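These notes are about the structure you will find just below.
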Amino acid sequence: MVVLNKIYTRTGDAGLTRLATGAPVGKASPRVQAYGEVDETNATIGLCRLYCADDPDMDARLARIQNELFDLGADLATPPEPKPDWEVLRVTSDQVGRLEAEIDAMNAALEPLNSFVLPGGTPLAAYLHLARTVCRRAERRVVDLAADGTQAISPESLAYLNRLSDHLFVASRHANARAGGDVLWQPGATRRDA
């Protein structure tokens, strides 16, 4: 159980924070940057939820995802070594599988794409695209963390972020389909031929 009875600790004043294990680490360390990007993804999804009033199913999915992103942050904030003496919260393959099932269900009702989609359309779709791009940045940070060689991560954490960005893309299409369709890229539409 998490208990937060004091919000500031002053330990960050020197540029340090602590991982879930209690180990001190710089705030600019790759691990802290990775779970910081996950936190930003979560905050962006919070903005999306402001536009879900007419889609309670979407709101429920996004609320669950926000909770799972906290699970992911805990996962990333707890390096596998040294092994903690408590049960570590890790993202699971079931959570990844649930994202896949939701992607498939939303996508089944959509028209096939014949062009790339521009971020936009409804406010919900536009914010879902923003969340998708922030999620992709988080994914790149986690890939960097894993590539470091000294920073082990759970494989499900990377799979979850990869699937989540796909989920947010399909969710944006779902939001736009309810309002007339996607905004499609028109290659070279504004070029002037010489």
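Following the order of the structure tokens, first chain is A, next is B, and so on, with residues numbered from 1 inside each chain and ligands from 1 in the order they appear.
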Name the residues in contact with Tyr127 of chain A at a cut-off of 8 Å, using only C-alpha atoms, excluding same-chain residues fewer than 2 positions from it; report them as a PDB file with C-alpha atoms, in the first residue's frame.
```
ATOM      1  CA  THR A  44      -1.906  12.889 -21.712  1.00  0.00           C
ATOM      2  CA  ILE A  45      -4.450  10.073 -21.512  1.00  0.00           C
ATOM      3  CA  LEU A  47      -6.588  14.852 -21.142  1.00  0.00           C
ATOM      4  CA  CYS A  48      -8.198  12.407 -23.578  1.00  0.00           C
ATOM      5  CA  PRO A 123     -11.002  16.746 -29.963  1.00  0.00           C
ATOM      6  CA  LEU A 124     -10.900  13.216 -28.513  1.00  0.00           C
ATOM      7  CA  ALA A 125      -9.163  11.853 -31.613  1.00  0.00           C
ATOM      8  CA  HIS A 129      -3.022  11.057 -31.321  1.00  0.00           C
ATOM      9  CA  LEU A 130      -1.059  13.260 -28.912  1.00  0.00           C
ATOM     10  CA  ALA A 131      -1.119  10.458 -26.335  1.00  0.00           C
TER      11      ALA A 131
END
```
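Atom pair atom CA of Tyr8 of chain A / atom CA of Gln33 of chain A: separated by 19.7 Å.
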Counting only C-alpha atoms, which of A:Thr150, A:Thr9, A:Thr122, A:Asn107 gets nearest to Arg31 of chain A? A:Thr150
Selection near segment 113-119 of chain A, 6 Å with only C-alpha atoms, sequence-local residues under 4 positions removed, as a PyMOL selection string: chain A and resi 126+129+183-185
